[in-house]
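I have placed the structure first, in the form of structure tokens, so that the comments after it can refer back to it.
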Amino acid sequence: MQLYKDSTSRVVSIKVPVVAVPGTFDVTIVDDDGIRIHEFANVTLDSGGSYSVVVPYYFVETYGSFNIQWTFDYLDAAATYTFSRSTTVEVVTPFLSITEVKAILGNETTDSEAISAERAVRLIICSHTGQDFSMKHRVYHVRGRDNNSLELPDKLITIDSVNGVPGLPYDYYLSRDGWFIIGGIWNVPDIKSDYYGLHLINGAIHNPNHIRRQKFSEGIQYAISGFWGWKDVPESVKEAAKLLLADYSCEDSTYRDRYLDAVSAVDWRIQFNAAAFSQTGNVRADQLLSNYILKRGWAAI
């Protein structure tokens with residue numbers, strides 16, 4: 001199931017074939033390690049026979065995805081049994097608002113049609129780039145390579161901790177727009193001229209080009225906790241989404257979706273270039289997205 005980031009609708013439902021025994025609900029949010037991080041006090045029975053909970057805004061704001069565990073007792077032939085299910089909730093950031101979609105497709109477009117069109121374009125861009133351009137709080141485990149920088153599997157916005165130790169500003173530095181962490185020098189000096197401790201060693205200020213930073217040891221796994229991804233969808237990505245939305249909404253896209261190279265009639269002919277079937281199918285969109293493509297799971301920028 002998907003929830004939109006910043007949406008006021010945060011209801012998650014589950015359809016079950018049994019009736020819960022009142023007072024036996026145990027519905028929680030668990031993290032990737034299976035640790036309970038939230039318990040729902042209220043579970044609602046909908047008219048259609050589904051049970052629902054309202055997810056707190058905090059989880060939609062800070063998590064890329066999470067699991068809701070549903071547990072309750074039910075009766076069957078006078079015997080009591082335990083029902084247990086899990087719902088995976090994915091928090092997504094839309095690239096275009098409903099208003100922006102309708103401006104391209106026409107005001108006669110319904111909200112549900114606009115949402116469906118935006119989702120299709122967003123998934124194509126995410127598949128093409130390898131990124132979802134959302135912000136999430138999570139822990140990545142990355143192995144060191146015996147140098148003073150650590151290549152990251154995602155764009156890091158802020159560091160909370162490394163291996164459980166708070167990542168203070170002078171311990172680690174973000175580099176290359178958040179795709180690398182560079183090790184710093186331990187301990188902050190007591191003089192303002194070298195506040196971050198980059199050049200002061202044993203009371204003497206050294207040439208910064210001769211300073212050897214701390215290393216990320218070979219084979220050691222570093223648990224990096226923080227906010228990852230993008231605070232906002234880049235404007236280039238939004239513009240590419242608009243171009244693709246216009247392309248995929250035209251009648252010619254029906255032929256391309258079926259891998260037809262040419263369509264002819266008595267007095268006209270449509271011939272697609274081979275590039276129309278590669279990447280996004282739009283050269284301008286490809287150029288706008290080129291700096292955001294991940295190669296072999298790592299950043300291209």
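Numbering starts fresh at 1 for the residues of each chain in the structure tokens, the chains themselves are lettered A, B, ... in the order given, and ligands are numbered from 1 as they appear.
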
Tell me, as a compact mmCIF listing (two decimals) with N, CA and C atoms, in the first residue's frame, which residues lie within 12 Å of Pro94 of chain A, counting only C-alpha atoms; anything in the same chain fewer than 5 positions away does not count.
```
# COMPACT_ATOMS: atom_id res chain seq x y z
N GLN A 2 0.36 2.31 -0.62
CA GLN A 2 1.11 3.56 -0.70
C GLN A 2 0.38 4.69 0.01
N LEU A 3 1.16 5.54 0.68
CA LEU A 3 0.65 6.79 1.25
C LEU A 3 1.49 7.92 0.68
N TYR A 4 0.83 9.02 0.34
CA TYR A 4 1.57 10.17 -0.17
C TYR A 4 2.14 10.97 0.99
N LYS A 5 3.39 11.41 0.81
CA LYS A 5 4.01 12.26 1.81
C LYS A 5 3.24 13.57 1.93
N ASP A 6 3.05 14.05 3.16
CA ASP A 6 2.35 15.29 3.47
C ASP A 6 0.85 15.21 3.19
N SER A 7 0.34 14.01 2.88
CA SER A 7 -1.09 13.88 2.64
C SER A 7 -1.86 13.89 3.96
N GLU A 100 -1.13 20.37 -11.32
CA GLU A 100 -0.15 20.38 -12.41
C GLU A 100 -0.48 19.35 -13.48
N VAL A 101 -0.97 18.19 -13.06
CA VAL A 101 -1.34 17.15 -14.02
C VAL A 101 -2.53 17.61 -14.86
N ALA A 114 -5.84 11.79 -12.67
CA ALA A 114 -4.61 12.56 -12.49
C ALA A 114 -3.63 11.81 -11.60
N ILE A 115 -4.12 11.21 -10.53
CA ILE A 115 -3.26 10.44 -9.63
C ILE A 115 -2.65 9.25 -10.36
N SER A 116 -3.46 8.56 -11.17
CA SER A 116 -2.98 7.40 -11.92
C SER A 116 -1.93 7.81 -12.95
N ALA A 117 -2.16 8.94 -13.63
CA ALA A 117 -1.19 9.41 -14.64
C ALA A 117 0.12 9.81 -13.99
N GLU A 118 0.05 10.52 -12.86
CA GLU A 118 1.28 10.92 -12.16
C GLU A 118 2.05 9.69 -11.69
N ARG A 119 1.33 8.70 -11.19
CA ARG A 119 1.99 7.49 -10.70
C ARG A 119 2.73 6.78 -11.83
N ALA A 120 2.11 6.69 -13.01
CA ALA A 120 2.74 6.01 -14.14
C ALA A 120 4.03 6.71 -14.54
N VAL A 121 3.99 8.05 -14.64
CA VAL A 121 5.19 8.80 -15.02
C VAL A 121 6.25 8.68 -13.94
N ARG A 122 5.85 8.77 -12.68
CA ARG A 122 6.81 8.69 -11.57
C ARG A 122 7.52 7.34 -11.55
N LEU A 123 6.79 6.27 -11.76
CA LEU A 123 7.40 4.94 -11.73
C LEU A 123 8.37 4.75 -12.90
N ILE A 125 10.16 7.18 -14.30
CA ILE A 125 11.38 7.95 -13.95
C ILE A 125 12.17 7.24 -12.87
N CYS A 126 11.49 6.70 -11.87
CA CYS A 126 12.19 5.97 -10.80
C CYS A 126 12.91 4.75 -11.35
N ASP A 132 13.99 7.37 -6.06
CA ASP A 132 12.58 7.75 -5.91
C ASP A 132 12.41 9.20 -5.50
N PHE A 133 13.52 9.91 -5.23
CA PHE A 133 13.52 11.33 -4.93
C PHE A 133 12.63 11.69 -3.73
N SER A 134 12.60 10.82 -2.76
CA SER A 134 11.89 11.08 -1.52
C SER A 134 12.90 11.16 -0.38
N MET A 135 12.47 11.60 0.78
CA MET A 135 13.34 11.66 1.94
C MET A 135 12.88 10.64 2.97
N ASP A 232 13.39 17.83 -1.49
CA ASP A 232 12.38 18.21 -2.48
C ASP A 232 12.73 17.55 -3.81
N VAL A 233 11.72 17.31 -4.62
CA VAL A 233 11.95 16.75 -5.95
C VAL A 233 12.67 17.81 -6.79
N PRO A 234 13.82 17.49 -7.38
CA PRO A 234 14.56 18.47 -8.19
C PRO A 234 13.70 19.00 -9.34
N VAL A 237 13.75 17.03 -12.56
CA VAL A 237 12.93 15.82 -12.54
C VAL A 237 11.46 16.17 -12.75
N LYS A 238 11.00 17.26 -12.15
CA LYS A 238 9.62 17.70 -12.34
C LYS A 238 9.37 18.07 -13.81
N ALA A 241 9.08 14.97 -15.81
CA ALA A 241 7.77 14.35 -15.57
C ALA A 241 6.68 15.02 -16.41
```

Which neighbours of Phe72 of chain A fall inside 10 Å, counting only C-alpha atoms, when residues of the same chain fewer than 2 positions from it are skipped, and could you give them as an mmCIF file with C-alpha atoms, in the first residue's frame?
```cif
data_model
loop_
_atom_site.group_PDB
_atom_site.id
_atom_site.type_symbol
_atom_site.label_atom_id
_atom_site.label_comp_id
_atom_site.auth_asym_id
_atom_site.auth_seq_id
_atom_site.Cartn_x
_atom_site.Cartn_y
_atom_site.Cartn_z
ATOM 1 C CA VAL A 19 -14.324 -11.062 13.197
ATOM 2 C CA ALA A 20 -11.951 -9.937 15.926
ATOM 3 C CA VAL A 21 -12.701 -10.615 19.556
ATOM 4 C CA PRO A 22 -13.155 -7.151 21.130
ATOM 5 C CA GLY A 23 -10.209 -5.986 23.210
ATOM 6 C CA THR A 24 -7.668 -8.379 21.645
ATOM 7 C CA PHE A 25 -6.156 -6.039 19.052
ATOM 8 C CA ASP A 26 -2.401 -5.617 19.001
ATOM 9 C CA VAL A 27 -1.579 -3.417 15.998
ATOM 10 C CA TRP A 70 -2.003 -6.800 12.778
ATOM 11 C CA TYR A 74 -11.062 -14.642 16.714
ATOM 12 C CA TYR A 81 -7.344 -18.593 17.479
ATOM 13 C CA THR A 82 -4.861 -15.799 16.746
ATOM 14 C CA PHE A 83 -4.955 -13.901 13.460
ATOM 15 C CA SER A 84 -1.678 -12.298 12.308
ATOM 16 C CA ARG A 85 -0.889 -10.331 9.157
#
```

* Asked: Where does DSSP see helix (DSSP H, G or I) in segment 8-173 of chain A, if you list the residues as a ChimeraX atom specification?
  -> /A:57-62,98-105,111-129

* All strand (DSSP E) residues (DSSP, backbone) inside segment 3-147 of chain A, as JSON, numbers by chain -> {"A": [3, 4, 11, 12, 13, 14, 15, 26, 27, 28, 29, 30, 36, 37, 38, 39, 44, 45, 50, 51, 52, 53, 54, 65, 66, 67, 68, 69, 70, 71, 72, 73, 74, 75, 76, 79, 80, 81, 82, 83, 84, 85, 86, 87, 88, 89, 90, 91, 92, 135, 136, 137, 138, 139, 140, 141, 142, 143]}

* Extract, using only C-alpha atoms, all DNA, RNA and protein residues at most 8 Å from Ser161 of chain A, discarding same-chain residues fewer than 4 positions from it, and format them as a ChimeraX atom specification. => /A:165-167,223-226

Include C-alpha atoms and write out the residues we just selected as a short mmCIF file (atom, residue, chain, number, x, y, z; two decimals), in the first residue's frame.
```cif
data_model
loop_
_atom_site.label_atom_id
_atom_site.label_comp_id
_atom_site.auth_asym_id
_atom_site.auth_seq_id
_atom_site.Cartn_x
_atom_site.Cartn_y
_atom_site.Cartn_z
CA VAL A 165 28.05 6.91 17.79
CA PRO A 166 26.63 10.38 17.05
CA GLY A 167 28.20 11.81 13.88
CA ALA A 223 25.93 1.39 10.15
CA ILE A 224 25.07 4.91 9.00
CA SER A 225 21.89 6.41 10.41
CA GLY A 226 20.41 9.63 9.10
#
```

* So, counting only C-alpha atoms, which residue among A:Leu243, A:Ala285, A:Ile14, A:Leu174 is closest to Ile159 of chain A? ->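 Answer, going by the shortest atom-to-atom distance: A:Leu174.
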